[in-house]
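Here is the structure we will look at, set down as structure tokens.
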Amino acid sequence: MDNLTNINVIKDIFERHGFTFSKALGQNFIINPSICPKIAEMGNAKKGFGIIEIGTGVGVLTNELAKRADKVVAVEIDDRLIPILRETLSEYDNVTVINADVMKTDLAAVISEHFEGLEVAVCANLPYYITSPIIMYLLESRLPIRSVTVMVQKEAGVRLCAKPGSRECGAVTAAVNFYAEPKLLFNVSRGSFMPAPNVDSCVIRLDIREKPPVEVTDEKFFFQVVRGAFSQRRKNLANSLSSSLGMEKAAVIGAIRAAGLSENIRPEQLSLQQLADVSEQLYKMGEVK
Ligand code: SAM
């Protein structure tokens with residue numbers, strides 16, 4: 001069904017199905033007709049690709065993905081939307097809707113079951129209450145995917161696409177940069193949604209790297225250090241790491257110095273390589289278990 005950005009069409013569907021928006025599930029549906037074609041086109045929805053969509057709503061983006069890609073698997077948590085999607089996606093035989101929480105879905109199994117012989121990408125207008133956990137779940141699962149193209153809250157997009165070493169950088173920036181090359185694609189105003197959220201949005205694309213740009217001995221330990229480094233934003237690196245990892249401050253300072261850095265450096269000043277260097281020094285010391 002093509003006119004799912006038309007408010008009257010949506011209202012009619014909702015009335016017939018007795019549907020009301022759930023704020024708790026982050027349900028802000030796109031009503032600006034220019035957005036979904038752009039997400040699909042910039043998000044690798046094309047021949048030879050299978051697309052995973054997270055959170056279908058009424059299927060406005062799903063339609064655009066199904067028109068362009070070979071196959072779409074959409075994961076939607078709200079079972080009230082399933083009968084609606086049966087109606088709005090009825091003309092496509094290349095769409096499978098899975099009624100589930102994406103965080104509890106084995107996406108590697110979805111890929112091998114549905115996308116044999118295809119390249120894979122993720123496209124979504126993410127529910128904002130769970131943006132970072134979903135992105136980290138996708139990246140940490142090391143799925144065989146080319147890209148993740150998602151609409152997120154503007155502030156989250158700026159943080160996710162910040163350059164490590166810049167003021168906006170946080171733990172999630174460092175983690176995202178380890179797995180992918182992030183890019184801010186375009187901004188979307190709050191008026192593009194029904195109901196309109198209190199914040200503006202943006203669409204970002206994470207192009208998955210073939211291999212991380214820095215080498216670390218133990219990835220799990222590295223991410224423990226990254227989370228620890230950014231756990232107390234007003235503190236310097238030495239204080240943050242010593243309190244979050246429960247280490248002697250002198251030992252942390254020793255590791256920071258051995259990595260060639262000043263003991264007063266703040267976490268947001270560190271490049272990914274410098275974070276890796278500090279992590280390797282701490283790892284060598286065997287201070288954190
Ligand atoms: N794609 C639609 C659009 O752009 O209009 C809907 C986007 S809306 C921001 C987010 C969607 O994600 C909602 O349909 C919501 O029910 C769904 N959702 C929320 N949490 C989810 C989860 N954990 N797993 C799967 N879907 C979820």
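As shown in the structure tokens, the chain order sets the letters A, B, ...; within each chain, residues go from 1, and ligands are also counted from 1 in the order they appear.
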Report task. Counting only C-alpha atoms and all ligand atoms, name the residues that have an atom within 7 Å of an atom of ligand 1; the answer should be given as number ranges by chain. Result -> A: 25-30, 54-61, 75-78, 100-103, 124-128
Requested in this report: Can you pull out every residue within 12 Å of A:Leu107, counting only C-alpha atoms, but drop anything in the same chain fewer than 4 positions away, and send it as a PyMOL selection string?
Outcome: chain A and resi 51-54+73-75+98+100-103+111-115+120-122+134+137-145
Write out as a Markdown table a residue-level contact list of stretch 27-116 of chain A versus stretch 171-186 of chain A with cut-off 12 Å: for each qualifying residue the closest pair of atoms and the distance in Å to one decimal, counting only C-alpha atoms, rows sorted by chain and residue number upward.
| residue | atom | partner | partner_atom | distance |
| --- | --- | --- | --- | --- |
| A:Ser34 | CA | A:Phe186 | CA | 11.8 |
| A:Ile35 | CA | A:Phe186 | CA | 9.6 |
| A:Lys38 | CA | A:Phe186 | CA | 9.4 |
| A:Ile39 | CA | A:Leu185 | CA | 9.1 |
| A:Glu41 | CA | A:Leu185 | CA | 11.5 |
| A:Met42 | CA | A:Leu185 | CA | 8.3 |
| A:Gly43 | CA | A:Leu185 | CA | 10.0 |
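For A:His17, the non-local neighbours within 10 Å, defined as residues at least 2 positions apart in the same chain or in other chains and counting only C-alpha atoms, are A:Lys11, A:Asp12, A:Ile13, A:Phe14, A:Glu15, A:Phe19, A:Thr20, A:Arg80, A:Leu81, A:Pro83, A:Ile84.
Taking atom CA of A:Ser279 and atom CA of A:Ser147 as endpoints, the distance between them is 27.5 Å.
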Query raised in the report: Out of stretch 47-283 of chain A, which residues get strand (DSSP E or B) from DSSP, as a PyMOL selection string?
Result: chain A and resi 49-54+71-76+95-99+119-125+147-153+180-188+193-194+201-208
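Closest to A:Val226 among A:Gly18, A:Gly157, A:Gly117, A:Pro267 is A:Pro267, based on only C-alpha atoms.
Once A:Gln224 and its same-chain neighbours fewer than 3 positions away are set aside, Ala171, Glu219, Lys220, Phe221, Arg227, Gly228, Ala229, Leu241, Ser244, Leu245, Ser279 and Val288 of chain A remain within 10 Å of it when counting only C-alpha atoms.
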Query raised in the report: Which residues, written as a list in words, have at least one atom at most 8 Å from A:Asn236, with only C-alpha atoms counted and residues fewer than 5 positions away on the same chain left out?
Result: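 Neighbouring residues, sequence-local ones excluded: Asn264, Ile265, Arg266 and Pro267 of chain A.
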Those same residues - all heavy atoms - I'd like them written as an mmCIF file, in the first residue's frame.
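Dumped to selection.cif:
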data_model
loop_
_atom_site.group_PDB
_atom_site.id
_atom_site.type_symbol
_atom_site.label_atom_id
_atom_site.label_comp_id
_atom_site.auth_asym_id
_atom_site.auth_seq_id
_atom_site.Cartn_x
_atom_site.Cartn_y
_atom_site.Cartn_z
ATOM 1 N N ASN A 264 46.520 13.854 33.118
ATOM 2 C CA ASN A 264 45.309 14.671 33.314
ATOM 3 C C ASN A 264 44.338 14.615 32.137
ATOM 4 O O ASN A 264 43.341 15.318 32.117
ATOM 5 C CB ASN A 264 45.702 16.140 33.543
ATOM 6 C CG ASN A 264 46.480 16.282 34.829
ATOM 7 O OD1 ASN A 264 46.137 15.645 35.827
ATOM 8 N ND2 ASN A 264 47.554 17.066 34.790
ATOM 9 N N ILE A 265 44.638 13.780 31.146
ATOM 10 C CA ILE A 265 43.806 13.757 29.936
ATOM 11 C C ILE A 265 42.363 13.353 30.269
ATOM 12 O O ILE A 265 42.112 12.577 31.202
ATOM 13 C CB ILE A 265 44.429 12.819 28.867
ATOM 14 C CG1 ILE A 265 43.844 13.115 27.488
ATOM 15 C CG2 ILE A 265 44.241 11.336 29.235
ATOM 16 C CD1 ILE A 265 44.715 12.644 26.335
ATOM 17 N N ARG A 266 41.413 13.925 29.513
ATOM 18 C CA ARG A 266 39.989 13.595 29.721
ATOM 19 C C ARG A 266 39.596 12.542 28.681
ATOM 20 O O ARG A 266 40.141 12.535 27.573
ATOM 21 C CB ARG A 266 39.132 14.852 29.576
ATOM 22 C CG ARG A 266 39.584 15.985 30.487
ATOM 23 C CD ARG A 266 38.689 17.180 30.378
ATOM 24 N NE ARG A 266 37.437 16.954 31.065
ATOM 25 C CZ ARG A 266 37.277 17.082 32.370
ATOM 26 N NH1 ARG A 266 38.273 17.466 33.137
ATOM 27 N NH2 ARG A 266 36.122 16.867 32.934
ATOM 28 N N PRO A 267 38.635 11.689 29.015
ATOM 29 C CA PRO A 267 38.303 10.579 28.104
ATOM 30 C C PRO A 267 37.903 11.041 26.711
ATOM 31 O O PRO A 267 38.277 10.416 25.713
ATOM 32 C CB PRO A 267 37.144 9.863 28.812
ATOM 33 C CG PRO A 267 36.699 10.758 29.914
ATOM 34 C CD PRO A 267 37.850 11.614 30.267
#
Would you list the contacts of stretch 254-263 of chain A as a PDB file with N, CA and C atoms, in the first residue's frame, taking every protein, DNA or RNA residue within 6 Å and counting only C-alpha atoms, but skipping same-chain residues closer than 6 positions in sequence?
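Here's the written file out_13.pdb:
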ATOM      1  N   ASP A 277      45.447   1.923  23.238  1.00  0.00           N
ATOM      2  CA  ASP A 277      46.772   1.891  23.864  1.00  0.00           C
ATOM      3  C   ASP A 277      46.653   1.799  25.386  1.00  0.00           C
ATOM      4  N   VAL A 278      45.741   2.620  25.957  1.00  0.00           N
ATOM      5  CA  VAL A 278      45.556   2.594  27.414  1.00  0.00           C
ATOM      6  C   VAL A 278      45.045   1.216  27.830  1.00  0.00           C
ATOM      7  N   GLN A 281      47.818  -1.298  27.831  1.00  0.00           N
ATOM      8  CA  GLN A 281      48.719  -1.124  28.983  1.00  0.00           C
ATOM      9  C   GLN A 281      48.091  -1.710  30.244  1.00  0.00           C
ATOM     10  N   LEU A 282      46.783  -1.440  30.430  1.00  0.00           N
ATOM     11  CA  LEU A 282      46.096  -1.977  31.607  1.00  0.00           C
ATOM     12  C   LEU A 282      46.041  -3.501  31.539  1.00  0.00           C
TER      13      LEU A 282
END
Report task. Enter the distance from atom CA of A:Arg190 to atom CA of A:Glu155, in Å, rounded to one decimal. Result ->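 That distance, rounded to one decimal, is 13.0 Å.
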Requested in this report: Mind giving me the straight-line distance from atom CA of A:Thr62 to atom CA of A:Ala162 in Å, one decimal?
Outcome: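 Rounded to one decimal, the two atoms are 28.8 Å apart.
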**Report entry** Residue neighbourhood A:Tyr92, 12 Å, only C-alpha atoms, exclusion window fewer than 4 positions, as a PyMOL selection string
**Finding:** chain A and resi 1-2+59+62-73+85-88+96-97
With N, CA and C atoms retained, could you export that selection as a PDB file, in the first residue's frame?
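Okay, this is what ended up in part_7.pdb:
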ATOM      1  N   MET A   1       0.854  -1.197   0.000  1.00  0.00           N
ATOM      2  CA  MET A   1       0.000   0.000   0.000  1.00  0.00           C
ATOM      3  C   MET A   1       0.892   1.249   0.000  1.00  0.00           C
ATOM      4  N   ASP A   2       0.612   2.158  -0.910  1.00  0.00           N
ATOM      5  CA  ASP A   2       1.558   3.214  -1.198  1.00  0.00           C
ATOM      6  C   ASP A   2       1.364   4.522  -0.417  1.00  0.00           C
ATOM      7  N   GLY A  59       4.008   0.107   8.417  1.00  0.00           N
ATOM      8  CA  GLY A  59       4.670  -0.482   7.246  1.00  0.00           C
ATOM      9  C   GLY A  59       5.069   0.538   6.194  1.00  0.00           C
ATOM     10  N   THR A  62       8.630  -0.184   5.351  1.00  0.00           N
ATOM     11  CA  THR A  62       8.638  -1.570   4.837  1.00  0.00           C
ATOM     12  C   THR A  62       8.253  -1.590   3.351  1.00  0.00           C
ATOM     13  N   ASN A  63       7.226  -0.816   2.994  1.00  0.00           N
ATOM     14  CA  ASN A  63       6.788  -0.730   1.594  1.00  0.00           C
ATOM     15  C   ASN A  63       7.925  -0.299   0.677  1.00  0.00           C
ATOM     16  N   GLU A  64       8.635   0.750   1.088  1.00  0.00           N
ATOM     17  CA  GLU A  64       9.718   1.279   0.243  1.00  0.00           C
ATOM     18  C   GLU A  64      10.873   0.283   0.140  1.00  0.00           C
ATOM     19  N   LEU A  65      11.115  -0.457   1.226  1.00  0.00           N
ATOM     20  CA  LEU A  65      12.184  -1.457   1.217  1.00  0.00           C
ATOM     21  C   LEU A  65      11.788  -2.618   0.303  1.00  0.00           C
ATOM     22  N   ALA A  66      10.523  -3.058   0.419  1.00  0.00           N
ATOM     23  CA  ALA A  66      10.053  -4.215  -0.359  1.00  0.00           C
ATOM     24  C   ALA A  66      10.053  -3.937  -1.861  1.00  0.00           C
ATOM     25  N   LYS A  67       9.818  -2.671  -2.227  1.00  0.00           N
ATOM     26  CA  LYS A  67       9.832  -2.293  -3.653  1.00  0.00           C
ATOM     27  C   LYS A  67      11.218  -2.443  -4.256  1.00  0.00           C
ATOM     28  N   ARG A  68      12.242  -2.234  -3.427  1.00  0.00           N
ATOM     29  CA  ARG A  68      13.604  -2.128  -3.971  1.00  0.00           C
ATOM     30  C   ARG A  68      14.484  -3.361  -3.730  1.00  0.00           C
ATOM     31  N   ALA A  69      14.329  -3.992  -2.553  1.00  0.00           N
ATOM     32  CA  ALA A  69      15.233  -5.099  -2.195  1.00  0.00           C
ATOM     33  C   ALA A  69      14.640  -6.429  -2.633  1.00  0.00           C
ATOM     34  N   ASP A  70      15.486  -7.491  -2.633  1.00  0.00           N
ATOM     35  CA  ASP A  70      14.976  -8.821  -2.988  1.00  0.00           C
ATOM     36  C   ASP A  70      14.079  -9.380  -1.903  1.00  0.00           C
ATOM     37  N   LYS A  71      14.431  -9.091  -0.640  1.00  0.00           N
ATOM     38  CA  LYS A  71      13.683  -9.695   0.470  1.00  0.00           C
ATOM     39  C   LYS A  71      13.737  -8.760   1.672  1.00  0.00           C
ATOM     40  N   VAL A  72      12.660  -8.703   2.439  1.00  0.00           N
ATOM     41  CA  VAL A  72      12.633  -7.907   3.668  1.00  0.00           C
ATOM     42  C   VAL A  72      12.128  -8.780   4.811  1.00  0.00           C
ATOM     43  N   VAL A  73      12.856  -8.774   5.914  1.00  0.00           N
ATOM     44  CA  VAL A  73      12.335  -9.394   7.137  1.00  0.00           C
ATOM     45  C   VAL A  73      12.191  -8.274   8.153  1.00  0.00           C
ATOM     46  N   LEU A  85      -0.522  -4.848   9.292  1.00  0.00           N
ATOM     47  CA  LEU A  85       0.537  -5.095   8.299  1.00  0.00           C
ATOM     48  C   LEU A  85       0.085  -6.107   7.246  1.00  0.00           C
ATOM     49  N   ARG A  86      -0.783  -7.040   7.669  1.00  0.00           N
ATOM     50  CA  ARG A  86      -1.315  -7.998   6.691  1.00  0.00           C
ATOM     51  C   ARG A  86      -2.033  -7.234   5.578  1.00  0.00           C
ATOM     52  N   GLU A  87      -2.685  -6.148   5.950  1.00  0.00           N
ATOM     53  CA  GLU A  87      -3.409  -5.320   4.980  1.00  0.00           C
ATOM     54  C   GLU A  87      -2.447  -4.414   4.186  1.00  0.00           C
ATOM     55  N   THR A  88      -1.556  -3.713   4.897  1.00  0.00           N
ATOM     56  CA  THR A  88      -0.746  -2.693   4.221  1.00  0.00           C
ATOM     57  C   THR A  88       0.409  -3.284   3.395  1.00  0.00           C
ATOM     58  N   THR A  96       8.577 -10.794   5.131  1.00  0.00           N
ATOM     59  CA  THR A  96       8.190 -11.643   6.262  1.00  0.00           C
ATOM     60  C   THR A  96       8.182 -10.760   7.502  1.00  0.00           C
ATOM     61  N   VAL A  97       7.067 -10.769   8.236  1.00  0.00           N
ATOM     62  CA  VAL A  97       7.003  -9.995   9.480  1.00  0.00           C
ATOM     63  C   VAL A  97       7.136 -10.961  10.653  1.00  0.00           C
TER      64      VAL A  97
END
